[in-house]
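Peer 1: Provided herewith is a single structure, encoded as structure tokens, for subsequent inquiry.
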Amino acid sequence: GTSGCGLANGVVIGDDAVAYISDSMNGRIFKVEDGAIEEVTSDPLLSWVDQSFPFGSNGMAYDKSNGLLLIANTGAASLVRLQLSTNEVTSIPIMGDIGNVDDVLLDSNNRLFLISGTTIYVLTDEGNEWRSAVVRGTIDVDRSELGESAASGTFGIDESEIYISYVRFNDLFGAGVNDNFALIGKVEVGKVLCLTADACNERRQEIGLKNFYVSNTYPSKGCFEKNGNAFFGEGGSEEDMSLSPLPGLQKRLWCEVVVPTVPPAQAIAEPTPCLTEEECFSKIQELGFPILNTGVYPSKGCFYKENNAY
């Protein structure tokens, strides 16, 4: 259209069916609402930095509870936070290494999955609304059927598996183009049953389903969802409560999805406070803050607000 979007790449749906689109060539985020396209922001943190890797803002995840977009900058191998209420763009300091991330996925347990090639990085935010993040582990995708030229694309997670789309660039652009240029990789995940109505209702609240109903007359037993509501069928065995798929529009609800991760090679130390101005200055240099402000503030010790450190 007339939006001037250079390379529309990542797409995610927010509240009220608003679609957000990343422009990987120009470091911009657009939104599509009621058929109208509008630029949300353009920021250097979303731009690509390496001439040999011309991708900036790419895959995105929508954090509904905090009103955020979490955006991968592929070329910069970084993660960016966009506060939708203010359009404020900030870099997310990450404890641990990530690669050139293609896509981003936030699950219902507030774990962030980043896909880079055949490695999935699993991050948590330690409850700080993604102002920083910690790499808690990695998942390796079996490359044996993908080929060395396969590059990762979008991915998603359902009740039992993580799916990743791949493109074999050699097959797509090379002389031997064939029908196998696109493949799907997958990783099995574990599941934990909701064994009681209380556990099912707690899970409903966590993932934002509207209403909760309990009955011993439902043909389906255990915890399940349908049309945005949660249900618990009483009177079934654990085997009954684990049956999946369920008929019609019903979908099994699990109380937890357990992802098999490999811990980082080096143990991640628990955070410790900076007790001196020198320690604080050293830390802000590590995180990329340009200047340290010192003075008499109500908050004591080393802290940051927006893009400033104190």
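In the structure tokens, the first chain shown is A, the next is B, and so on; residue numbers restart at 1 for each chain, and ligands run from 1 in the order shown.
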Give me, as a PyMOL selection string, all polymer residues having an atom no more than 8 Å from stretch 100-107 of chain A, counting only C-alpha atoms and skipping those fewer than 3 positions away in the same chain.
Peer 2: chain A and resi 10+58-63+70-78+110-117+152-157
Peer 1: Find the spatial neighbours of A:Ser132, counting only C-alpha atoms, within a cut-off of 9 Å - ignore same-chain residues fewer than 3 positions away - and output them as a PyMOL selection string.
Peer 2: chain A and resi 91-95+124-126+128-129
Peer 1: Take the residues from that selection and write them out as a PDB file, in the first residue's frame, keeping C-alpha atoms.
Peer 2:
```pdb
ATOM      1  CA  SER A  91      16.966  -2.341  24.639  1.00  0.00           C
ATOM      2  CA  ILE A  92      16.544  -5.396  26.894  1.00  0.00           C
ATOM      3  CA  PRO A  93      19.816  -6.288  28.656  1.00  0.00           C
ATOM      4  CA  ILE A  94      20.215 -10.083  28.537  1.00  0.00           C
ATOM      5  CA  MET A  95      22.267 -12.171  30.952  1.00  0.00           C
ATOM      6  CA  THR A 124      12.656 -15.287  31.796  1.00  0.00           C
ATOM      7  CA  ASP A 125      12.295 -11.710  33.008  1.00  0.00           C
ATOM      8  CA  GLU A 126      12.443 -12.310  36.789  1.00  0.00           C
ATOM      9  CA  ASN A 128      10.477  -6.991  35.964  1.00  0.00           C
ATOM     10  CA  GLU A 129       8.157  -6.648  32.924  1.00  0.00           C
TER      11      GLU A 129
END
```
Peer 1: Rounded to one decimal place, report the atom CA of A:Val122-atom CA of A:Ser108 distance in Å.
Peer 2: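 Going from atom CA of A:Val122 over to atom CA of A:Ser108, I get 13.4 Å.
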Peer 1: Contacts of A:Pro219 at 12 Å or less, counting only C-alpha atoms, minus same-chain residues fewer than 5 places along, as a PDB file with N, CA, C and O atoms, in the first residue's frame?
Peer 2:
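Output file part30.pdb follows:
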```pdb
ATOM      1  N   PHE A 224     -10.665 -28.281  30.285  1.00  0.00           N
ATOM      2  CA  PHE A 224     -10.628 -27.993  28.854  1.00  0.00           C
ATOM      3  C   PHE A 224     -11.236 -26.624  28.594  1.00  0.00           C
ATOM      4  O   PHE A 224     -11.884 -26.027  29.461  1.00  0.00           O
ATOM      5  N   PHE A 231     -13.691 -25.136  31.351  1.00  0.00           N
ATOM      6  CA  PHE A 231     -14.631 -26.100  31.915  1.00  0.00           C
ATOM      7  C   PHE A 231     -13.851 -27.185  32.654  1.00  0.00           C
ATOM      8  O   PHE A 231     -12.713 -27.492  32.290  1.00  0.00           O
ATOM      9  N   PHE A 232     -14.487 -27.749  33.670  1.00  0.00           N
ATOM     10  CA  PHE A 232     -13.905 -28.907  34.352  1.00  0.00           C
ATOM     11  C   PHE A 232     -14.970 -29.972  34.474  1.00  0.00           C
ATOM     12  O   PHE A 232     -16.001 -29.775  35.135  1.00  0.00           O
ATOM     13  N   GLY A 233     -14.730 -31.117  33.802  1.00  0.00           N
ATOM     14  CA  GLY A 233     -15.649 -32.241  33.882  1.00  0.00           C
ATOM     15  C   GLY A 233     -15.269 -33.149  35.036  1.00  0.00           C
ATOM     16  O   GLY A 233     -14.179 -33.740  35.026  1.00  0.00           O
ATOM     17  N   GLU A 234     -16.126 -33.244  36.030  1.00  0.00           N
ATOM     18  CA  GLU A 234     -15.837 -34.055  37.220  1.00  0.00           C
ATOM     19  C   GLU A 234     -16.110 -35.533  36.956  1.00  0.00           C
ATOM     20  O   GLU A 234     -16.871 -35.902  36.070  1.00  0.00           O
ATOM     21  N   GLY A 235     -15.454 -36.388  37.758  1.00  0.00           N
ATOM     22  CA  GLY A 235     -15.772 -37.803  37.751  1.00  0.00           C
ATOM     23  C   GLY A 235     -14.928 -38.676  36.854  1.00  0.00           C
ATOM     24  O   GLY A 235     -15.205 -39.868  36.721  1.00  0.00           O
ATOM     25  N   GLY A 236     -13.873 -38.127  36.261  1.00  0.00           N
ATOM     26  CA  GLY A 236     -13.057 -38.926  35.365  1.00  0.00           C
ATOM     27  C   GLY A 236     -11.752 -39.373  36.005  1.00  0.00           C
ATOM     28  O   GLY A 236     -11.294 -38.797  37.000  1.00  0.00           O
ATOM     29  N   ASP A 240      -8.789 -40.322  31.632  1.00  0.00           N
ATOM     30  CA  ASP A 240      -9.886 -39.556  31.016  1.00  0.00           C
ATOM     31  C   ASP A 240      -9.517 -38.082  30.900  1.00  0.00           C
ATOM     32  O   ASP A 240      -9.810 -37.429  29.892  1.00  0.00           O
ATOM     33  N   MET A 241      -8.867 -37.553  31.952  1.00  0.00           N
ATOM     34  CA  MET A 241      -8.562 -36.129  31.992  1.00  0.00           C
ATOM     35  C   MET A 241      -7.388 -35.746  31.102  1.00  0.00           C
ATOM     36  O   MET A 241      -7.103 -34.567  30.916  1.00  0.00           O
ATOM     37  N   LEU A 243      -7.080 -37.161  27.903  1.00  0.00           N
ATOM     38  CA  LEU A 243      -7.434 -37.439  26.513  1.00  0.00           C
ATOM     39  C   LEU A 243      -7.316 -36.176  25.669  1.00  0.00           C
ATOM     40  O   LEU A 243      -7.785 -35.101  26.046  1.00  0.00           O
ATOM     41  N   LEU A 246      -9.759 -33.365  21.873  1.00  0.00           N
ATOM     42  CA  LEU A 246     -11.142 -33.493  22.307  1.00  0.00           C
ATOM     43  C   LEU A 246     -12.076 -33.178  21.135  1.00  0.00           C
ATOM     44  O   LEU A 246     -11.662 -32.559  20.157  1.00  0.00           O
ATOM     45  N   PRO A 247     -13.337 -33.585  21.233  1.00  0.00           N
ATOM     46  CA  PRO A 247     -14.253 -33.390  20.095  1.00  0.00           C
ATOM     47  C   PRO A 247     -14.622 -31.915  19.877  1.00  0.00           C
ATOM     48  O   PRO A 247     -14.597 -31.100  20.794  1.00  0.00           O
ATOM     49  N   GLN A 250     -13.612 -28.111  21.504  1.00  0.00           N
ATOM     50  CA  GLN A 250     -12.958 -28.249  22.806  1.00  0.00           C
ATOM     51  C   GLN A 250     -11.456 -28.454  22.640  1.00  0.00           C
ATOM     52  O   GLN A 250     -11.005 -29.101  21.698  1.00  0.00           O
TER      53      GLN A 250
END
```
Peer 1: Counting only C-alpha atoms, which residue out of A:Ser85, A:Gly56, A:Asp198, A:Leu193 sits closest to A:Met25?
Peer 2: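 Closest to A:Met25, using only C-alpha atoms: A:Gly56.
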Peer 1: Quick one: residues within 9 Å of stretch 203-205 of chain A, only C-alpha atoms counted, chain neighbours fewer than 2 positions away excluded, as a ChimeraX atom specification?
Peer 2: /A:194,198-201,207-212,225,229-230,253-256
Peer 1: Provide the atom CA of A:Asn66 to atom CA of A:Asp34 distance in Å, to one decimal place.
Peer 2: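 So the two atoms, atom CA of A:Asn66 and atom CA of A:Asp34, lie 23.1 Å apart.
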Peer 1: Would you please work out which residue, of A:Ile120, A:Gly127, A:Gly137, A:Ile29, is nearest to A:Tyr163 when using only C-alpha atoms?
Peer 2: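 Selected residue with least distance to A:Tyr163: A:Ile120.
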Peer 1: Hey, which of A:Trp48, A:Gly14, A:Asn109, A:Ser24 ends up closest to A:Leu69? Count only C-alpha atoms.
Peer 2: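 Of A:Trp48, A:Gly14, A:Asn109, A:Ser24, the one nearest A:Leu69, counting only C-alpha atoms, is A:Gly14.
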Peer 1: What gap, in Å, lies between atom CA of A:Ser42 and atom CA of A:Thr119?
Peer 2: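 About the pair atom CA of A:Ser42 and atom CA of A:Thr119: they are 29.0 Å apart.
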Peer 1: Leaving out A:Glu277 and any residue of its chain fewer than 6 positions from it, which residues lie within 10 Å of it when counting only C-alpha atoms, given as a compact mmCIF listing (two decimals) with C-alpha atoms, in the first residue's frame?
Peer 2:
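Produced file selection-v9.txt, reproduced below:
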```txt
# COMPACT_ATOMS: atom_id res chain seq x y z
CA LYS A 283 27.58 -2.28 35.39
CA LEU A 292 25.66 7.62 35.31
CA THR A 294 24.60 10.71 40.87
CA GLY A 301 21.79 2.39 45.35
CA CYS A 302 22.19 1.62 41.65
CA TYR A 310 21.39 6.57 38.63
```
Peer 1: What lies within 12 Å of A:Phe281 using only C-alpha atoms, ignoring chain neighbours under 4 positions off, as number ranges by chain?
Peer 2: A: 274-277, 285-294, 301-304, 308-310
Peer 1: A:Ile139, A:Val32, A:Val40, A:Val257: which is nearest A:Val11, counting only C-alpha atoms?
Peer 2: A:Val32
